[in-house]
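Q: Handing you this structure, nothing more for now.
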Amino acid sequence: MIQESATSEAQPKPQLGNPTRNFTVQLSPTPRGARLARLLATEQLRSWAIPLDPARQIVAELATNAATHSRVPGRDFRLTMYVVAGILRIEVTDTRGDRPPCPQVPAPDGESESGRGLLIVAALADRWGWDPGPRPRKTVWAELVLDHAPKPGNPNSGARGAFSQEPTTAK
């Protein structure tokens with residue numbers, strides 16, 4: 001189930017003076033569910049005119065963690081994104097509250113294919129953490145401050161067709 005809400009001009013604005021935008025979707029804890037989380041988040045960010053990166057990378061890492069490390073047959077994970085007062089908060093809730101997230105330093109040989117997700121989230125987010133939920137859940141979250149974000153119309157703003165069409169020259 002996908003839920004989205006946004007305040008419109010006809011509705012009273014929140015006390016903070018900024019529109020509040022919410023998006024929630026429940027997905028299966030599979031690689032396909034993780035990929036769908038990233039794709040749906042990308043489209044939602046575009047509709048809100050919020051820069052795609054680093055938010056979609058954070059969604060990808062948190063959703064992949066939920067699908068890989070917190071998978072319980074028959075139990076879904078939930079992606080929630082909302083914007084309040086210039087802060088985008090990304091939350092992924094799964095049903096493995098008994099497994100707190102733990103960033104791991106990858107093996108020095110560089111051959112490890114996993115273990116970098118939370119390190120990437122920590123590097124990209126302005127803040128991140130996790131909260132225990134009602135048993136058996138936990139929520140891993142990351143926040144991005146949007147006040148330094150490019151303005152809509154900028155090639156980095158997440159608008160459709162935003163990739164630069166200018167050729168690059170090798171130096």
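Every chain in the structure tokens takes a letter, A first, then B, and so on in the order presented; its residues are numbered from 1, and the ligands are numbered from 1 following the presented order.
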Show me, as a list in words, the residues that have an atom within 7 Å of Ala63 of chain A when counting only C-alpha atoms, minus same-chain residues fewer than 5 positions from it.

A: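 After dropping sequence-adjacent residues, the list is Ala34, Ala37 and Val92 of chain A.
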
Q: Write out as a PyMOL selection string which residues come within 10 Å of segment 115-119 of chain A when counting only C-alpha atoms, dropping same-chain ones fewer than 6 positions away.

A: chain A and resi 57-58+60-65+101-107+128-129+140

Q: Calculate how many Å separate atom CA of Pro73 of chain A from atom CA of Ile90 of chain A, rounding to one decimal.

A: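 Pair atom CA of Pro73 of chain A / atom CA of Ile90 of chain A returns 23.9 Å.
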
Q: Tell me which of A:Arg32, A:Arg137, A:Arg89, A:Arg21 sits closest to Ala49 of chain A, counting only C-alpha atoms.

A: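 Looking at the shortest contact to Ala49 of chain A, the residue is A:Arg21.
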
Q: Could you pull out the residues in segment 20-80 of chain A that DSSP calls strand (DSSP E or B) from the backbone, as a PyMOL selection string?

A: chain A and resi 21-27+72+75+77-80

Q: Find the residues around Pro100 of chain A up to 12 Å (only C-alpha atoms counted), leave out those fewer than 4 positions away in its own chain, and share them as an mmCIF file with N, CA and C atoms, in the first residue's frame.

A:
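To be explicit, this is the file written out as around-v1.cif:
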```cif
data_model
loop_
_atom_site.group_PDB
_atom_site.id
_atom_site.type_symbol
_atom_site.label_atom_id
_atom_site.label_comp_id
_atom_site.auth_asym_id
_atom_site.auth_seq_id
_atom_site.Cartn_x
_atom_site.Cartn_y
_atom_site.Cartn_z
ATOM 1 N N ASN A 65 19.565 -3.464 3.102
ATOM 2 C CA ASN A 65 19.827 -4.037 4.429
ATOM 3 C C ASN A 65 18.577 -4.736 4.966
ATOM 4 N N ALA A 66 17.420 -4.107 4.809
ATOM 5 C CA ALA A 66 16.182 -4.712 5.301
ATOM 6 C C ALA A 66 15.890 -6.022 4.571
ATOM 7 N N HIS A 69 19.501 -8.501 5.534
ATOM 8 C CA HIS A 69 19.848 -8.861 6.914
ATOM 9 C C HIS A 69 18.652 -8.984 7.838
ATOM 10 N N SER A 70 17.511 -8.483 7.439
ATOM 11 C CA SER A 70 16.349 -8.461 8.334
ATOM 12 C C SER A 70 15.167 -9.215 7.749
ATOM 13 N N THR A 93 11.644 0.501 8.166
ATOM 14 C CA THR A 93 11.236 -0.276 9.324
ATOM 15 C C THR A 93 11.152 -1.739 8.919
ATOM 16 N N ASP A 94 11.816 -2.600 9.683
ATOM 17 C CA ASP A 94 11.765 -4.030 9.404
ATOM 18 C C ASP A 94 11.353 -4.780 10.664
ATOM 19 N N THR A 95 11.258 -6.082 10.565
ATOM 20 C CA THR A 95 10.760 -6.885 11.681
ATOM 21 C C THR A 95 11.865 -7.701 12.343
ATOM 22 N N ARG A 96 13.063 -7.164 12.345
ATOM 23 C CA ARG A 96 14.160 -7.820 13.044
ATOM 24 C C ARG A 96 14.726 -6.866 14.092
ATOM 25 N N LEU A 118 25.862 0.651 5.769
ATOM 26 C CA LEU A 118 25.695 1.669 6.806
ATOM 27 C C LEU A 118 26.843 2.668 6.809
ATOM 28 N N GLY A 129 20.532 7.043 12.399
ATOM 29 C CA GLY A 129 20.454 6.269 13.626
ATOM 30 C C GLY A 129 19.400 5.197 13.490
ATOM 31 N N TRP A 130 19.009 4.651 14.627
ATOM 32 C CA TRP A 130 17.950 3.639 14.614
ATOM 33 C C TRP A 130 17.187 3.706 15.918
ATOM 34 N N ASP A 131 15.947 3.263 15.854
ATOM 35 C CA ASP A 131 15.074 3.262 17.023
ATOM 36 C C ASP A 131 14.397 1.906 17.110
ATOM 37 N N PRO A 132 14.323 1.345 18.314
ATOM 38 C CA PRO A 132 13.536 0.121 18.463
ATOM 39 C C PRO A 132 12.060 0.474 18.324
ATOM 40 N N GLY A 133 11.300 -0.431 17.769
ATOM 41 C CA GLY A 133 9.866 -0.196 17.618
ATOM 42 C C GLY A 133 9.109 -1.195 18.455
ATOM 43 N N PRO A 136 8.161 -6.944 16.878
ATOM 44 C CA PRO A 136 9.583 -7.235 16.731
ATOM 45 C C PRO A 136 10.296 -6.229 15.832
ATOM 46 N N ARG A 137 9.823 -4.981 15.745
ATOM 47 C CA ARG A 137 10.324 -4.040 14.751
ATOM 48 C C ARG A 137 11.481 -3.164 15.239
ATOM 49 N N LYS A 138 12.165 -2.599 14.224
ATOM 50 C CA LYS A 138 13.134 -1.521 14.437
ATOM 51 C C LYS A 138 13.063 -0.626 13.209
ATOM 52 N N THR A 139 13.459 0.627 13.388
ATOM 53 C CA THR A 139 13.478 1.588 12.294
ATOM 54 C C THR A 139 14.871 2.173 12.186
ATOM 55 N N VAL A 140 15.465 2.066 11.013
ATOM 56 C CA VAL A 140 16.745 2.702 10.717
ATOM 57 C C VAL A 140 16.405 3.946 9.901
#
```

Q: Find the residues near Arg38 of chain A: any atom within 6 Å, counting only C-alpha atoms, skip ones fewer than 3 places away on the same chain, and give them as a list in words.

A: Arg35, Ala41, Arg56, Val59 and Ala60 of chain A

Q: Fewer than 3 positions away in the same chain doesn't count, so skip those; otherwise give me all residues within 8 Å of Thr30 of chain A, counting only C-alpha atoms, as an mmCIF file with all heavy atoms, in the first residue's frame.

A:
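Output file out31.cif follows:
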```
data_model
loop_
_atom_site.group_PDB
_atom_site.id
_atom_site.type_symbol
_atom_site.label_atom_id
_atom_site.label_comp_id
_atom_site.auth_asym_id
_atom_site.auth_seq_id
_atom_site.Cartn_x
_atom_site.Cartn_y
_atom_site.Cartn_z
ATOM 1 N N GLY A 33 12.025 -6.165 -3.856
ATOM 2 C CA GLY A 33 11.413 -5.160 -2.989
ATOM 3 C C GLY A 33 12.362 -4.004 -2.716
ATOM 4 O O GLY A 33 11.948 -2.840 -2.701
ATOM 5 N N ALA A 34 13.645 -4.307 -2.517
ATOM 6 C CA ALA A 34 14.643 -3.259 -2.280
ATOM 7 C C ALA A 34 14.794 -2.373 -3.515
ATOM 8 O O ALA A 34 14.872 -1.150 -3.417
ATOM 9 C CB ALA A 34 15.983 -3.877 -1.890
ATOM 10 N N ALA A 67 16.154 -6.051 3.271
ATOM 11 C CA ALA A 67 15.880 -7.249 2.478
ATOM 12 C C ALA A 67 16.922 -8.345 2.704
ATOM 13 O O ALA A 67 16.605 -9.526 2.597
ATOM 14 C CB ALA A 67 15.818 -6.888 0.996
ATOM 15 N N THR A 68 18.131 -7.959 3.032
ATOM 16 C CA THR A 68 19.220 -8.933 3.172
ATOM 17 C C THR A 68 19.386 -9.422 4.602
ATOM 18 O O THR A 68 19.420 -10.622 4.856
ATOM 19 C CB THR A 68 20.548 -8.305 2.703
ATOM 20 O OG1 THR A 68 20.389 -7.840 1.369
ATOM 21 C CG2 THR A 68 21.681 -9.308 2.760
ATOM 22 N N ARG A 71 15.452 -10.076 6.828
ATOM 23 C CA ARG A 71 14.380 -10.801 6.141
ATOM 24 C C ARG A 71 13.797 -11.891 7.032
ATOM 25 O O ARG A 71 14.518 -12.725 7.570
ATOM 26 C CB ARG A 71 14.921 -11.415 4.872
ATOM 27 C CG ARG A 71 13.872 -12.120 4.080
ATOM 28 C CD ARG A 71 14.422 -12.649 2.800
ATOM 29 N NE ARG A 71 13.316 -13.249 2.051
ATOM 30 C CZ ARG A 71 13.425 -13.666 0.833
ATOM 31 N NH1 ARG A 71 14.558 -13.555 0.195
ATOM 32 N NH2 ARG A 71 12.406 -14.203 0.234
#
```

Q: Using only C-alpha atoms, which of the listed residues (A:Ala55, A:Ala142, A:Ala85, A:Val121) sits closest to Thr42 of chain A?

A: A:Ala55

Q: Got a sec: who's within 6 Å of Glu143 of chain A, counting only C-alpha atoms, leaving out chain neighbours fewer than 6 positions off, as number ranges by chain?

A: A: 88-89, 125-127

Q: Store the residues of this selection in a file with all heavy atoms, as a CSV table (one decimal), in the first residue's frame.

A:
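See again.csv below for the written result:
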```csv
chain,number,residue,atom,x,y,z
A,88,LEU,N,14.7,16.2,5.0
A,88,LEU,CA,14.2,15.0,4.4
A,88,LEU,C,14.6,13.9,5.4
A,88,LEU,O,15.8,13.7,5.6
A,88,LEU,CB,14.7,14.7,3.0
A,88,LEU,CG,14.4,13.3,2.4
A,88,LEU,CD1,12.9,13.1,2.2
A,88,LEU,CD2,15.2,13.1,1.2
A,89,ARG,N,13.6,13.1,5.9
A,89,ARG,CA,13.9,12.0,6.8
A,89,ARG,C,13.4,10.7,6.0
A,89,ARG,O,12.3,10.7,5.5
A,89,ARG,CB,13.1,12.1,8.1
A,89,ARG,CG,13.5,10.9,9.0
A,89,ARG,CD,13.0,11.2,10.4
A,89,ARG,NE,13.1,10.1,11.3
A,89,ARG,CZ,13.9,10.1,12.4
A,89,ARG,NH1,14.6,11.1,12.7
A,89,ARG,NH2,13.9,9.0,13.1
A,125,ALA,N,24.5,10.9,4.8
A,125,ALA,CA,23.5,11.5,5.6
A,125,ALA,C,24.1,12.6,6.5
A,125,ALA,O,25.2,12.5,6.9
A,125,ALA,CB,22.7,10.5,6.4
A,126,ASP,N,23.2,13.6,6.8
A,126,ASP,CA,23.6,14.6,7.8
A,126,ASP,C,23.5,14.0,9.2
A,126,ASP,O,24.3,14.4,10.1
A,126,ASP,CB,22.7,15.9,7.7
A,126,ASP,CG,23.0,16.6,6.4
A,126,ASP,OD1,24.2,16.9,6.1
A,126,ASP,OD2,22.1,16.8,5.6
A,127,ARG,N,22.5,13.1,9.4
A,127,ARG,CA,22.4,12.4,10.7
A,127,ARG,C,21.8,11.0,10.3
A,127,ARG,O,21.0,10.9,9.4
A,127,ARG,CB,21.4,13.1,11.6
A,127,ARG,CG,21.9,14.4,12.2
A,127,ARG,CD,20.9,15.1,13.1
A,127,ARG,NE,19.7,14.4,13.3
A,127,ARG,CZ,19.1,14.2,14.5
A,127,ARG,NH1,19.6,14.6,15.6
A,127,ARG,NH2,17.9,13.5,14.6
```

Q: Check segment 85-151 of chain A with DSSP on the backbone and list each residue it calls alpha helix (DSSP H), as number ranges by chain.

A: A: 117-124

Q: Next, the residues of the selection above should be written as a tab-separated table (two decimals), in the first residue's frame with N, CA and C atoms.

A:
```
chain	number	residue	atom	x	y	z
A	117	GLY	N	27.08	-0.86	3.55
A	117	GLY	CA	25.84	-0.11	3.46
A	117	GLY	C	25.69	0.99	4.50
A	118	LEU	N	25.86	0.65	5.77
A	118	LEU	CA	25.69	1.67	6.81
A	118	LEU	C	26.84	2.67	6.81
A	119	LEU	N	28.02	2.25	6.36
A	119	LEU	CA	29.12	3.22	6.22
A	119	LEU	C	28.79	4.24	5.14
A	120	ILE	N	28.16	3.78	4.07
A	120	ILE	CA	27.74	4.70	3.00
A	120	ILE	C	26.66	5.64	3.52
A	121	VAL	N	25.68	5.09	4.25
A	121	VAL	CA	24.63	5.93	4.82
A	121	VAL	C	25.24	6.98	5.75
A	122	ALA	N	26.16	6.57	6.61
A	122	ALA	CA	26.80	7.51	7.54
A	122	ALA	C	27.56	8.60	6.79
A	123	ALA	N	28.17	8.25	5.68
A	123	ALA	CA	28.94	9.23	4.91
A	123	ALA	C	28.03	10.21	4.17
A	124	LEU	N	26.87	9.76	3.72
A	124	LEU	CA	25.99	10.59	2.90
A	124	LEU	C	24.99	11.41	3.71
```
